[in-house]
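Q: For reference, this is model32.pdb, and it has PDB, C-alpha atoms, pLDDT in the B column.
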```
ATOM      1  CA  MET A   1     100.823 102.784  54.125  1.00 54.00           C
ATOM      2  CA  SER A   2     103.205 102.342  57.067  1.00 58.00           C
ATOM      3  CA  LEU A   3     104.308 105.240  59.254  1.00 57.00           C
ATOM      4  CA  ALA A   4     107.870 105.039  57.873  1.00 62.00           C
ATOM      5  CA  GLN A   5     106.629 105.119  54.275  1.00 59.00           C
ATOM      6  CA  SER A   6     104.396 108.086  55.061  1.00 58.00           C
ATOM      7  CA  ILE A   7     107.316 110.006  56.549  1.00 57.00           C
ATOM      8  CA  LEU A   8     109.655 109.278  53.628  1.00 59.00           C
ATOM      9  CA  GLY A   9     106.976 110.193  51.103  1.00 56.00           C
ATOM     10  CA  ASN A  10     106.121 113.477  52.730  1.00 63.00           C
ATOM     11  CA  VAL A  11     109.330 114.785  54.285  1.00 71.00           C
ATOM     12  CA  SER A  12     108.616 118.465  53.649  1.00 66.00           C
ATOM     13  CA  PHE A  13     105.233 118.317  55.330  1.00 64.00           C
ATOM     14  CA  VAL A  14     106.683 116.406  58.284  1.00 66.00           C
ATOM     15  CA  LEU A  15     109.203 119.219  58.715  1.00 76.00           C
ATOM     16  CA  VAL A  16     106.358 121.740  58.701  1.00 73.00           C
ATOM     17  CA  CYS A  17     104.593 119.696  61.396  1.00 72.00           C
ATOM     18  CA  LEU A  18     107.744 119.661  63.522  1.00 79.00           C
ATOM     19  CA  ALA A  19     108.224 123.412  63.083  1.00 85.00           C
ATOM     20  CA  VAL A  20     104.632 124.171  64.097  1.00 84.00           C
ATOM     21  CA  THR A  21     104.929 121.874  67.114  1.00 84.00           C
ATOM     22  CA  ALA A  22     108.207 123.466  68.204  1.00 88.00           C
ATOM     23  CA  ALA A  23     106.698 126.961  67.847  1.00 91.00           C
ATOM     24  CA  PHE A  24     103.708 126.119  70.055  1.00 90.00           C
ATOM     25  CA  ILE A  25     105.906 124.546  72.728  1.00 91.00           C
ATOM     26  CA  ALA A  26     108.349 127.492  72.642  1.00 92.00           C
ATOM     27  CA  VAL A  27     105.459 129.910  73.233  1.00 91.00           C
ATOM     28  CA  ALA A  28     104.192 127.709  76.064  1.00 91.00           C
ATOM     29  CA  VAL A  29     107.641 127.699  77.711  1.00 91.00           C
ATOM     30  CA  LEU A  30     107.891 131.498  77.525  1.00 92.00           C
ATOM     31  CA  PHE A  31     104.473 132.067  79.097  1.00 89.00           C
ATOM     32  CA  GLU A  32     105.010 129.398  81.748  1.00 89.00           C
ATOM     33  CA  ARG A  33     108.312 130.949  82.809  1.00 89.00           C
ATOM     34  CA  ALA A  34     106.663 134.376  82.958  1.00 89.00           C
ATOM     35  CA  ALA A  35     103.858 133.007  85.140  1.00 86.00           C
ATOM     36  CA  ARG A  36     106.359 131.320  87.458  1.00 84.00           C
ATOM     37  CA  ARG A  37     108.321 134.534  87.876  1.00 85.00           C
ATOM     38  CA  LYS A  38     105.114 136.385  88.745  1.00 83.00           C
ATOM     39  CA  ASN A  39     103.951 133.746  91.215  1.00 77.00           C
ATOM     40  CA  GLY A  40     107.365 133.047  92.704  1.00 74.00           C
ATOM     41  CA  GLY A  41     107.325 129.393  91.683  1.00 67.00           C
ATOM     42  CA  ARG A  42     110.580 127.450  91.734  1.00 67.00           C
ATOM     43  CA  GLU A  43     109.600 123.993  90.511  1.00 69.00           C
ATOM     44  CA  ARG A  44     111.094 122.924  87.198  1.00 75.00           C
ATOM     45  CA  ILE A  45     108.866 122.981  84.135  1.00 79.00           C
ATOM     46  CA  LEU A  46     109.449 119.241  83.702  1.00 77.00           C
ATOM     47  CA  SER A  47     110.140 117.461  86.967  1.00 83.00           C
ATOM     48  CA  THR A  48     110.233 113.667  87.278  1.00 82.00           C
ATOM     49  CA  ARG A  49     106.734 113.633  88.764  1.00 83.00           C
ATOM     50  CA  LYS A  50     105.391 115.722  85.907  1.00 87.00           C
ATOM     51  CA  VAL A  51     106.956 113.466  83.285  1.00 90.00           C
ATOM     52  CA  VAL A  52     105.289 110.434  84.865  1.00 90.00           C
ATOM     53  CA  VAL A  53     101.882 112.134  84.953  1.00 89.00           C
ATOM     54  CA  ILE A  54     102.316 113.377  81.387  1.00 92.00           C
ATOM     55  CA  GLY A  55     102.943 109.787  80.306  1.00 93.00           C
ATOM     56  CA  VAL A  56      99.837 108.485  82.070  1.00 93.00           C
ATOM     57  CA  PHE A  57      97.617 111.308  80.838  1.00 95.00           C
ATOM     58  CA  SER A  58      98.968 110.910  77.293  1.00 95.00           C
ATOM     59  CA  ALA A  59      97.900 107.257  77.331  1.00 93.00           C
ATOM     60  CA  VAL A  60      94.419 108.225  78.540  1.00 94.00           C
ATOM     61  CA  SER A  61      94.247 110.959  75.906  1.00 94.00           C
ATOM     62  CA  ALA A  62      95.262 108.524  73.153  1.00 91.00           C
ATOM     63  CA  ILE A  63      92.485 106.144  74.207  1.00 91.00           C
ATOM     64  CA  LEU A  64      89.940 108.969  74.167  1.00 92.00           C
ATOM     65  CA  PHE A  65      91.300 110.024  70.772  1.00 89.00           C
ATOM     66  CA  CYS A  66      90.395 106.610  69.390  1.00 85.00           C
ATOM     67  CA  LEU A  67      86.909 106.717  70.938  1.00 88.00           C
ATOM     68  CA  ASP A  68      85.635 109.396  68.592  1.00 86.00           C
ATOM     69  CA  PHE A  69      82.111 109.593  67.245  1.00 91.00           C
ATOM     70  CA  PRO A  70      80.258 111.567  64.535  1.00 92.00           C
ATOM     71  CA  VAL A  71      77.947 114.500  65.196  1.00 93.00           C
ATOM     72  CA  PHE A  72      74.671 115.124  63.423  1.00 94.00           C
ATOM     73  CA  PHE A  73      75.489 118.627  62.162  1.00 95.00           C
ATOM     74  CA  ALA A  74      78.793 117.891  60.360  1.00 93.00           C
ATOM     75  CA  PRO A  75      79.960 115.448  57.657  1.00 91.00           C
ATOM     76  CA  ALA A  76      81.091 112.025  58.889  1.00 88.00           C
ATOM     77  CA  PHE A  77      84.806 112.792  58.484  1.00 84.00           C
ATOM     78  CA  TYR A  78      84.503 115.285  61.349  1.00 89.00           C
ATOM     79  CA  LYS A  79      84.486 113.456  64.662  1.00 89.00           C
ATOM     80  CA  MET A  80      83.952 114.482  68.262  1.00 92.00           C
ATOM     81  CA  ASP A  81      86.260 113.188  70.984  1.00 92.00           C
ATOM     82  CA  PHE A  82      87.388 114.104  74.494  1.00 94.00           C
ATOM     83  CA  SER A  83      91.134 113.690  74.012  1.00 93.00           C
ATOM     84  CA  GLU A  84      91.821 117.322  74.990  1.00 95.00           C
ATOM     85  CA  LEU A  85      90.331 116.758  78.459  1.00 96.00           C
ATOM     86  CA  PRO A  86      93.417 115.087  80.061  1.00 96.00           C
ATOM     87  CA  ALA A  87      95.662 117.701  78.431  1.00 96.00           C
ATOM     88  CA  LEU A  88      93.618 120.586  79.839  1.00 96.00           C
ATOM     89  CA  ILE A  89      93.554 119.111  83.348  1.00 95.00           C
ATOM     90  CA  ALA A  90      97.317 118.525  83.299  1.00 94.00           C
ATOM     91  CA  ALA A  91      97.921 122.006  81.865  1.00 95.00           C
ATOM     92  CA  PHE A  92      95.956 123.558  84.730  1.00 94.00           C
ATOM     93  CA  ALA A  93      97.973 121.580  87.272  1.00 91.00           C
ATOM     94  CA  TYR A  94     101.445 121.785  85.720  1.00 92.00           C
ATOM     95  CA  GLY A  95     101.349 124.522  83.093  1.00 92.00           C
ATOM     96  CA  PRO A  96     100.847 124.796  79.308  1.00 94.00           C
ATOM     97  CA  VAL A  97     104.009 122.853  78.434  1.00 94.00           C
ATOM     98  CA  ALA A  98     102.615 119.712  80.053  1.00 94.00           C
ATOM     99  CA  GLY A  99      99.328 120.131  78.208  1.00 95.00           C
ATOM    100  CA  LEU A 100     100.967 120.538  74.812  1.00 95.00           C
ATOM    101  CA  LEU A 101     103.281 117.582  75.405  1.00 95.00           C
ATOM    102  CA  ILE A 102     100.247 115.417  76.136  1.00 96.00           C
ATOM    103  CA  GLU A 103      98.683 116.601  72.878  1.00 94.00           C
ATOM    104  CA  LEU A 104     101.900 115.702  71.036  1.00 93.00           C
ATOM    105  CA  VAL A 105     102.439 112.297  72.648  1.00 94.00           C
ATOM    106  CA  LYS A 106      98.781 111.413  72.077  1.00 93.00           C
ATOM    107  CA  ILE A 107      99.258 111.886  68.347  1.00 90.00           C
ATOM    108  CA  LEU A 108     102.557 109.986  68.317  1.00 89.00           C
ATOM    109  CA  VAL A 109     100.896 107.036  70.058  1.00 89.00           C
ATOM    110  CA  LYS A 110      98.085 107.084  67.515  1.00 84.00           C
ATOM    111  CA  LEU A 111     100.585 107.171  64.642  1.00 83.00           C
ATOM    112  CA  CYS A 112     102.493 104.211  66.064  1.00 84.00           C
ATOM    113  CA  ILE A 113      99.297 102.192  66.450  1.00 81.00           C
ATOM    114  CA  LYS A 114      97.348 103.153  63.337  1.00 78.00           C
ATOM    115  CA  GLY A 115      99.740 105.117  61.145  1.00 76.00           C
ATOM    116  CA  THR A 116      98.307 107.960  59.087  1.00 73.00           C
ATOM    117  CA  SER A 117      95.653 107.842  56.393  1.00 71.00           C
ATOM    118  CA  THR A 118      95.901 111.570  55.659  1.00 69.00           C
ATOM    119  CA  ALA A 119      99.643 112.057  55.002  1.00 68.00           C
ATOM    120  CA  PHE A 120      99.860 113.777  58.430  1.00 71.00           C
ATOM    121  CA  VAL A 121      97.336 116.458  57.456  1.00 75.00           C
ATOM    122  CA  GLY A 122      94.774 115.226  59.990  1.00 76.00           C
ATOM    123  CA  GLU A 123      97.369 114.812  62.722  1.00 81.00           C
ATOM    124  CA  LEU A 124      98.716 118.340  62.227  1.00 81.00           C
ATOM    125  CA  ALA A 125      95.167 119.697  62.286  1.00 84.00           C
ATOM    126  CA  ASN A 126      94.388 117.872  65.514  1.00 87.00           C
ATOM    127  CA  PHE A 127      97.505 119.219  67.214  1.00 90.00           C
ATOM    128  CA  VAL A 128      97.010 122.806  66.033  1.00 90.00           C
ATOM    129  CA  ILE A 129      93.365 122.907  67.051  1.00 91.00           C
ATOM    130  CA  GLY A 130      94.000 121.141  70.362  1.00 94.00           C
ATOM    131  CA  ALA A 131      96.920 123.433  71.169  1.00 94.00           C
ATOM    132  CA  SER A 132      94.825 126.501  70.339  1.00 94.00           C
ATOM    133  CA  PHE A 133      92.465 125.385  73.113  1.00 96.00           C
ATOM    134  CA  ILE A 134      94.982 124.248  75.728  1.00 96.00           C
ATOM    135  CA  LEU A 135      97.473 127.103  75.387  1.00 95.00           C
ATOM    136  CA  PRO A 136      95.280 130.187  76.060  1.00 95.00           C
ATOM    137  CA  ALA A 137      93.209 128.452  78.736  1.00 96.00           C
ATOM    138  CA  SER A 138      96.191 127.204  80.731  1.00 95.00           C
ATOM    139  CA  VAL A 139      98.281 130.365  80.283  1.00 94.00           C
ATOM    140  CA  LEU A 140      95.546 132.576  81.723  1.00 94.00           C
ATOM    141  CA  TYR A 141      95.006 130.208  84.630  1.00 94.00           C
ATOM    142  CA  GLN A 142      98.715 130.055  85.467  1.00 92.00           C
ATOM    143  CA  PHE A 143      98.765 133.803  86.138  1.00 91.00           C
ATOM    144  CA  LYS A 144      95.815 133.715  88.537  1.00 90.00           C
ATOM    145  CA  LYS A 145      94.779 130.361  89.965  1.00 89.00           C
ATOM    146  CA  THR A 146      91.267 130.996  91.240  1.00 91.00           C
ATOM    147  CA  ARG A 147      87.956 129.327  90.493  1.00 90.00           C
ATOM    148  CA  ARG A 148      86.685 132.426  88.699  1.00 93.00           C
ATOM    149  CA  MET A 149      89.803 132.562  86.518  1.00 94.00           C
ATOM    150  CA  ALA A 150      89.495 128.843  85.777  1.00 94.00           C
ATOM    151  CA  VAL A 151      86.042 129.477  84.347  1.00 95.00           C
ATOM    152  CA  TRP A 152      87.132 132.494  82.316  1.00 96.00           C
ATOM    153  CA  SER A 153      90.239 130.658  81.114  1.00 96.00           C
ATOM    154  CA  CYS A 154      88.055 127.851  79.781  1.00 97.00           C
ATOM    155  CA  VAL A 155      85.739 130.368  78.133  1.00 97.00           C
ATOM    156  CA  ALA A 156      88.742 131.988  76.438  1.00 97.00           C
ATOM    157  CA  GLY A 157      90.119 128.631  75.309  1.00 96.00           C
ATOM    158  CA  THR A 158      86.739 127.605  73.905  1.00 97.00           C
ATOM    159  CA  ALA A 159      86.448 130.887  72.010  1.00 97.00           C
ATOM    160  CA  VAL A 160      89.936 130.505  70.550  1.00 96.00           C
ATOM    161  CA  ILE A 161      89.474 126.879  69.470  1.00 96.00           C
ATOM    162  CA  THR A 162      86.186 127.828  67.789  1.00 96.00           C
ATOM    163  CA  VAL A 163      87.727 130.686  65.808  1.00 96.00           C
ATOM    164  CA  VAL A 164      91.068 129.008  65.042  1.00 93.00           C
ATOM    165  CA  GLY A 165      89.364 125.766  64.057  1.00 93.00           C
ATOM    166  CA  ALA A 166      87.078 127.564  61.604  1.00 95.00           C
ATOM    167  CA  VAL A 167      89.845 129.681  60.055  1.00 94.00           C
ATOM    168  CA  PHE A 168      92.335 126.790  59.896  1.00 91.00           C
ATOM    169  CA  ASN A 169      89.791 124.572  58.151  1.00 92.00           C
ATOM    170  CA  ALA A 170      88.835 127.269  55.643  1.00 93.00           C
ATOM    171  CA  VAL A 171      92.364 128.384  54.816  1.00 90.00           C
ATOM    172  CA  TYR A 172      94.322 125.140  55.017  1.00 85.00           C
ATOM    173  CA  LEU A 173      92.613 121.934  56.093  1.00 86.00           C
ATOM    174  CA  LEU A 174      89.732 121.693  53.615  1.00 89.00           C
ATOM    175  CA  PRO A 175      91.914 122.579  50.582  1.00 88.00           C
ATOM    176  CA  ALA A 176      94.562 120.120  51.813  1.00 81.00           C
ATOM    177  CA  PHE A 177      92.039 117.279  52.100  1.00 81.00           C
ATOM    178  CA  ALA A 178      90.590 118.130  48.685  1.00 85.00           C
ATOM    179  CA  ALA A 179      94.068 117.896  47.148  1.00 81.00           C
ATOM    180  CA  LEU A 180      94.950 114.767  49.128  1.00 76.00           C
ATOM    181  CA  TYR A 181      91.911 112.818  47.972  1.00 78.00           C
ATOM    182  CA  GLY A 182      91.779 114.356  44.491  1.00 83.00           C
ATOM    183  CA  MET A 183      88.282 115.741  44.809  1.00 86.00           C
ATOM    184  CA  PRO A 184      86.982 119.225  43.994  1.00 92.00           C
ATOM    185  CA  MET A 185      86.121 121.507  46.872  1.00 92.00           C
ATOM    186  CA  GLU A 186      82.528 121.504  45.631  1.00 93.00           C
ATOM    187  CA  ALA A 187      82.278 117.815  46.504  1.00 93.00           C
ATOM    188  CA  ILE A 188      83.276 118.486  50.112  1.00 92.00           C
ATOM    189  CA  ILE A 189      80.841 121.380  50.312  1.00 94.00           C
ATOM    190  CA  GLY A 190      78.196 119.040  48.939  1.00 95.00           C
ATOM    191  CA  MET A 191      78.727 116.652  51.842  1.00 94.00           C
ATOM    192  CA  GLY A 192      77.901 119.497  54.167  1.00 94.00           C
ATOM    193  CA  SER A 193      74.911 120.597  52.101  1.00 96.00           C
ATOM    194  CA  LYS A 194      73.340 117.151  52.442  1.00 95.00           C
ATOM    195  CA  ILE A 195      73.297 117.652  56.202  1.00 94.00           C
ATOM    196  CA  ASN A 196      72.501 121.356  56.323  1.00 94.00           C
ATOM    197  CA  SER A 197      71.025 123.141  53.305  1.00 94.00           C
ATOM    198  CA  GLY A 198      72.475 126.393  54.624  1.00 95.00           C
ATOM    199  CA  ILE A 199      75.978 125.166  53.732  1.00 96.00           C
ATOM    200  CA  THR A 200      76.699 126.514  50.269  1.00 95.00           C
ATOM    201  CA  ASP A 201      80.397 127.449  50.313  1.00 95.00           C
ATOM    202  CA  VAL A 202      83.532 127.200  52.451  1.00 95.00           C
ATOM    203  CA  THR A 203      82.493 130.070  54.715  1.00 96.00           C
ATOM    204  CA  THR A 204      79.099 128.607  55.573  1.00 97.00           C
ATOM    205  CA  PHE A 205      80.710 125.169  55.880  1.00 97.00           C
ATOM    206  CA  VAL A 206      83.051 126.254  58.650  1.00 96.00           C
ATOM    207  CA  ILE A 207      80.434 128.451  60.346  1.00 96.00           C
ATOM    208  CA  LEU A 208      77.661 125.845  60.403  1.00 97.00           C
ATOM    209  CA  ALA A 209      79.687 122.615  60.753  1.00 96.00           C
ATOM    210  CA  VAL A 210      83.240 123.187  61.980  1.00 95.00           C
ATOM    211  CA  ALA A 211      82.669 126.016  64.462  1.00 96.00           C
ATOM    212  CA  PRO A 212      79.789 124.251  66.302  1.00 97.00           C
ATOM    213  CA  LEU A 213      81.907 121.089  66.602  1.00 96.00           C
ATOM    214  CA  ASN A 214      84.828 122.902  68.228  1.00 96.00           C
ATOM    215  CA  LEU A 215      82.485 124.984  70.357  1.00 97.00           C
ATOM    216  CA  LEU A 216      80.877 121.777  71.629  1.00 96.00           C
ATOM    217  CA  LYS A 217      84.247 120.120  72.213  1.00 96.00           C
ATOM    218  CA  GLY A 218      85.718 123.100  74.049  1.00 96.00           C
ATOM    219  CA  GLY A 219      82.550 123.658  76.065  1.00 96.00           C
ATOM    220  CA  LEU A 220      82.212 120.068  77.268  1.00 97.00           C
ATOM    221  CA  ASP A 221      85.934 119.682  78.044  1.00 96.00           C
ATOM    222  CA  SER A 222      85.827 122.975  79.952  1.00 96.00           C
ATOM    223  CA  LEU A 223      82.732 122.024  81.944  1.00 96.00           C
ATOM    224  CA  ILE A 224      84.179 118.673  82.997  1.00 96.00           C
ATOM    225  CA  THR A 225      87.510 120.261  83.919  1.00 95.00           C
ATOM    226  CA  VAL A 226      85.909 122.953  86.086  1.00 93.00           C
ATOM    227  CA  LEU A 227      83.799 120.309  87.856  1.00 93.00           C
ATOM    228  CA  ILE A 228      86.560 117.805  88.644  1.00 93.00           C
ATOM    229  CA  TYR A 229      89.855 119.709  88.657  1.00 90.00           C
ATOM    230  CA  LYS A 230      89.744 120.877  92.265  1.00 86.00           C
ATOM    231  CA  LYS A 231      89.395 117.267  93.444  1.00 86.00           C
ATOM    232  CA  LEU A 232      92.208 116.013  91.214  1.00 84.00           C
ATOM    233  CA  SER A 233      94.642 118.862  91.836  1.00 81.00           C
ATOM    234  CA  PRO A 234      95.874 117.811  95.326  1.00 81.00           C
ATOM    235  CA  VAL A 235      96.512 114.265  94.117  1.00 78.00           C
ATOM    236  CA  MET A 236      98.349 115.387  90.994  1.00 77.00           C
ATOM    237  CA  LYS A 237     100.503 117.762  93.003  1.00 71.00           C
ATOM    238  CA  ALA A 238     101.110 115.201  95.775  1.00 63.00           C
ATOM    239  CA  GLN A 239      99.712 117.595  98.337  1.00 43.00           C
ATOM    240  CA  SER A 240      96.836 115.497  99.628  1.00 36.00           C
ATOM    241  CA  ALA A 241      98.713 114.599 102.808  1.00 38.00           C
ATOM    242  CA  LEU A 242     100.409 117.956 103.295  1.00 40.00           C
ATOM    243  CA  PRO A 243      98.995 121.046 104.987  1.00 42.00           C
ATOM    244  CA  GLN A 244      98.179 123.860 102.620  1.00 40.00           C
ATOM    245  CA  ALA A 245     100.742 126.609 102.913  1.00 40.00           C
ATOM    246  CA  ALA A 246      99.576 130.146 103.457  1.00 39.00           C
ATOM    247  CA  GLY A 247      98.964 131.842 100.160  1.00 41.00           C
ATOM    248  CA  ASP A 248      99.068 128.547  98.211  1.00 42.00           C
ATOM    249  CA  PRO A 249      97.221 129.104  94.928  1.00 44.00           C
ATOM    250  CA  HIS A 250      95.567 125.706  95.362  1.00 43.00           C
ATOM    251  CA  SER A 251      93.949 126.540  98.670  1.00 40.00           C
ATOM    252  CA  SER A 252      90.179 126.401  99.062  1.00 38.00           C
ATOM    253  CA  SER A 253      89.721 129.623  97.085  1.00 42.00           C
ATOM    254  CA  ALA A 254      91.609 128.314  94.087  1.00 46.00           C
ATOM    255  CA  GLU A 255      90.443 126.091  91.306  1.00 49.00           C
TER     256      GLU A 255
END
```
If you took the structure in this file and wrote it as structure tokens, what would it be?
A:
Amino acid sequence: MSLAQSILGNVSFVLVCLAVTAAFIAVAVLFERAARRKNGGRERILSTRKVVVIGVFSAVSAILFCLDFPVFFAPAFYKMDFSELPALIAAFAYGPVAGLLIELVKILVKLCIKGTSTAFVGELANFVIGASFILPASVLYQFKKTRRMAVWSCVAGTAVITVVGAVFNAVYLLPAFAALYGMPMEAIIGMGSKINSGITDVTTFVILAVAPLNLLKGGLDSLITVLIYKKLSPVMKAQSALPQAAGDPHSSSAE
């Protein structure tokens, strides 16, 4: 099914996707403006430089999105990827709006290339879960840009993506996939039971399969970001050739 056919055949769900996306971005804008007022920042939320970097990072994120792979503790339709990594790095450098826009553009690129095989259910899930990681981590960091806060921000983001991912799968995603493919929920639970005998219902499914996947994803993305962000930050902010101003949050004490 082409992307246009999918949209026409599922207009109401597309509108829900757009509403959820707009809500996340609106929240990101509010927090980013609050952080800028606190820190005395004057740069626009979306400057020309930021738009260019968002475009580049979105392309990298889309490539990483396609390079997914299965994990041994979850059914094959759950895949691990590192597509949130560019979004988190950009969100640390430029704020949560940039991170969420990368998440959005990544999905749009994927839809243009491959279309959707899940009537947008999978794409909405990816955005919601990715945004639940990027938003809290980057918001906390924007208010206090230090190495210690970078670590705690990533810990918070990983905790949120683990909880939100589990709840979202239990309440919405698993029932939606069951309805989409016309299979009983017991069949999906059975896929999990074949991998882990402890999976006997939806609750154990999300606790033993979904939560570990998002915990692993958030943990690895966080670790890589903490290790490389300080080296990338001056380049992304075009400050590599400029002296650090007194009190600059990206001085040697900052992450």
Q: Let me know the residues the PyMOL selection byres ((chain A and resi 17-21) around 9) catches in the file above, as a list in words.
A: Ser12, Phe13, Val14, Leu15, Val16, Ala22, Ala23, Phe24, Ile25, Ala26, Leu100, Leu104, Phe120, Val121, Glu123, Leu124, Phe127 and Val128 of chain A
Q: With C-alpha atoms retained, could you export that selection as a compact mmCIF listing (two decimals), in the frame of the given file?
A:
```
# COMPACT_ATOMS: atom_id res chain seq x y z
CA SER A 12 108.62 118.46 53.65
CA PHE A 13 105.23 118.32 55.33
CA VAL A 14 106.68 116.41 58.28
CA LEU A 15 109.20 119.22 58.72
CA VAL A 16 106.36 121.74 58.70
CA ALA A 22 108.21 123.47 68.20
CA ALA A 23 106.70 126.96 67.85
CA PHE A 24 103.71 126.12 70.06
CA ILE A 25 105.91 124.55 72.73
CA ALA A 26 108.35 127.49 72.64
CA LEU A 100 100.97 120.54 74.81
CA LEU A 104 101.90 115.70 71.04
CA PHE A 120 99.86 113.78 58.43
CA VAL A 121 97.34 116.46 57.46
CA GLU A 123 97.37 114.81 62.72
CA LEU A 124 98.72 118.34 62.23
CA PHE A 127 97.50 119.22 67.21
CA VAL A 128 97.01 122.81 66.03
```
Q: Applied to this file, what does the PyMOL selection byres ((chain A and resi 161-172) around 12) return in terms of residues, put as a PDB file with C-alpha atoms, in the frame of the given file?
A:
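Everything below was put into out.pdb:
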```pdb
ATOM      1  CA  TYR A  78      84.503 115.285  61.349  1.00 89.00           C
ATOM      2  CA  GLU A  84      91.821 117.322  74.990  1.00 95.00           C
ATOM      3  CA  VAL A 121      97.336 116.458  57.456  1.00 75.00           C
ATOM      4  CA  GLY A 122      94.774 115.226  59.990  1.00 76.00           C
ATOM      5  CA  LEU A 124      98.716 118.340  62.227  1.00 81.00           C
ATOM      6  CA  ALA A 125      95.167 119.697  62.286  1.00 84.00           C
ATOM      7  CA  ASN A 126      94.388 117.872  65.514  1.00 87.00           C
ATOM      8  CA  PHE A 127      97.505 119.219  67.214  1.00 90.00           C
ATOM      9  CA  VAL A 128      97.010 122.806  66.033  1.00 90.00           C
ATOM     10  CA  ILE A 129      93.365 122.907  67.051  1.00 91.00           C
ATOM     11  CA  GLY A 130      94.000 121.141  70.362  1.00 94.00           C
ATOM     12  CA  ALA A 131      96.920 123.433  71.169  1.00 94.00           C
ATOM     13  CA  SER A 132      94.825 126.501  70.339  1.00 94.00           C
ATOM     14  CA  PHE A 133      92.465 125.385  73.113  1.00 96.00           C
ATOM     15  CA  ILE A 134      94.982 124.248  75.728  1.00 96.00           C
ATOM     16  CA  LEU A 135      97.473 127.103  75.387  1.00 95.00           C
ATOM     17  CA  PRO A 136      95.280 130.187  76.060  1.00 95.00           C
ATOM     18  CA  ALA A 137      93.209 128.452  78.736  1.00 96.00           C
ATOM     19  CA  CYS A 154      88.055 127.851  79.781  1.00 97.00           C
ATOM     20  CA  VAL A 155      85.739 130.368  78.133  1.00 97.00           C
ATOM     21  CA  ALA A 156      88.742 131.988  76.438  1.00 97.00           C
ATOM     22  CA  GLY A 157      90.119 128.631  75.309  1.00 96.00           C
ATOM     23  CA  THR A 158      86.739 127.605  73.905  1.00 97.00           C
ATOM     24  CA  ALA A 159      86.448 130.887  72.010  1.00 97.00           C
ATOM     25  CA  VAL A 160      89.936 130.505  70.550  1.00 96.00           C
ATOM     26  CA  LEU A 173      92.613 121.934  56.093  1.00 86.00           C
ATOM     27  CA  LEU A 174      89.732 121.693  53.615  1.00 89.00           C
ATOM     28  CA  PRO A 175      91.914 122.579  50.582  1.00 88.00           C
ATOM     29  CA  ALA A 176      94.562 120.120  51.813  1.00 81.00           C
ATOM     30  CA  PHE A 177      92.039 117.279  52.100  1.00 81.00           C
ATOM     31  CA  ALA A 178      90.590 118.130  48.685  1.00 85.00           C
ATOM     32  CA  ALA A 179      94.068 117.896  47.148  1.00 81.00           C
ATOM     33  CA  LEU A 180      94.950 114.767  49.128  1.00 76.00           C
ATOM     34  CA  MET A 185      86.121 121.507  46.872  1.00 92.00           C
ATOM     35  CA  ILE A 188      83.276 118.486  50.112  1.00 92.00           C
ATOM     36  CA  ILE A 189      80.841 121.380  50.312  1.00 94.00           C
ATOM     37  CA  ASP A 201      80.397 127.449  50.313  1.00 95.00           C
ATOM     38  CA  VAL A 202      83.532 127.200  52.451  1.00 95.00           C
ATOM     39  CA  THR A 203      82.493 130.070  54.715  1.00 96.00           C
ATOM     40  CA  THR A 204      79.099 128.607  55.573  1.00 97.00           C
ATOM     41  CA  PHE A 205      80.710 125.169  55.880  1.00 97.00           C
ATOM     42  CA  VAL A 206      83.051 126.254  58.650  1.00 96.00           C
ATOM     43  CA  ILE A 207      80.434 128.451  60.346  1.00 96.00           C
ATOM     44  CA  LEU A 208      77.661 125.845  60.403  1.00 97.00           C
ATOM     45  CA  ALA A 209      79.687 122.615  60.753  1.00 96.00           C
ATOM     46  CA  VAL A 210      83.240 123.187  61.980  1.00 95.00           C
ATOM     47  CA  ALA A 211      82.669 126.016  64.462  1.00 96.00           C
ATOM     48  CA  PRO A 212      79.789 124.251  66.302  1.00 97.00           C
ATOM     49  CA  LEU A 213      81.907 121.089  66.602  1.00 96.00           C
ATOM     50  CA  ASN A 214      84.828 122.902  68.228  1.00 96.00           C
ATOM     51  CA  LEU A 215      82.485 124.984  70.357  1.00 97.00           C
ATOM     52  CA  LEU A 216      80.877 121.777  71.629  1.00 96.00           C
ATOM     53  CA  LYS A 217      84.247 120.120  72.213  1.00 96.00           C
ATOM     54  CA  GLY A 218      85.718 123.100  74.049  1.00 96.00           C
ATOM     55  CA  GLY A 219      82.550 123.658  76.065  1.00 96.00           C
ATOM     56  CA  ASP A 221      85.934 119.682  78.044  1.00 96.00           C
ATOM     57  CA  SER A 222      85.827 122.975  79.952  1.00 96.00           C
TER      58      SER A 222
END
```
Q: Kindly provide, as JSON, the centre and edge lengths (Å, one decimal) of an axis-aligned box around all atoms of range 165-182 of chain A given in the file, with 4 Å on each side.
A:
```
{"center_x": 91.0, "center_y": 121.2, "center_z": 54.3, "size_x": 15.9, "size_y": 24.9, "size_z": 27.6}
```
Q: Choose the residue, out of A:Ala59, A:Val151, A:Val51, A:Val139, that has the smallest atom-to-atom separation from Leu108 in chain A; count all atoms listed in the file.
A: A:Ala59
Q: Restricting the calculation to all atoms listed in the file: of A:Leu67, A:Met80, A:Val97, A:Val60, which residue gets closest to Val27 in chain A?
A: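 For Val27 in chain A, the nearest of the candidates is A:Val97.
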Q: For CA of Ala91 in chain A and CA of Phe77 in chain A, quote the distance in Å rounded to one decimal.
A: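 CA of Ala91 in chain A sits 28.3 Å away from CA of Phe77 in chain A.
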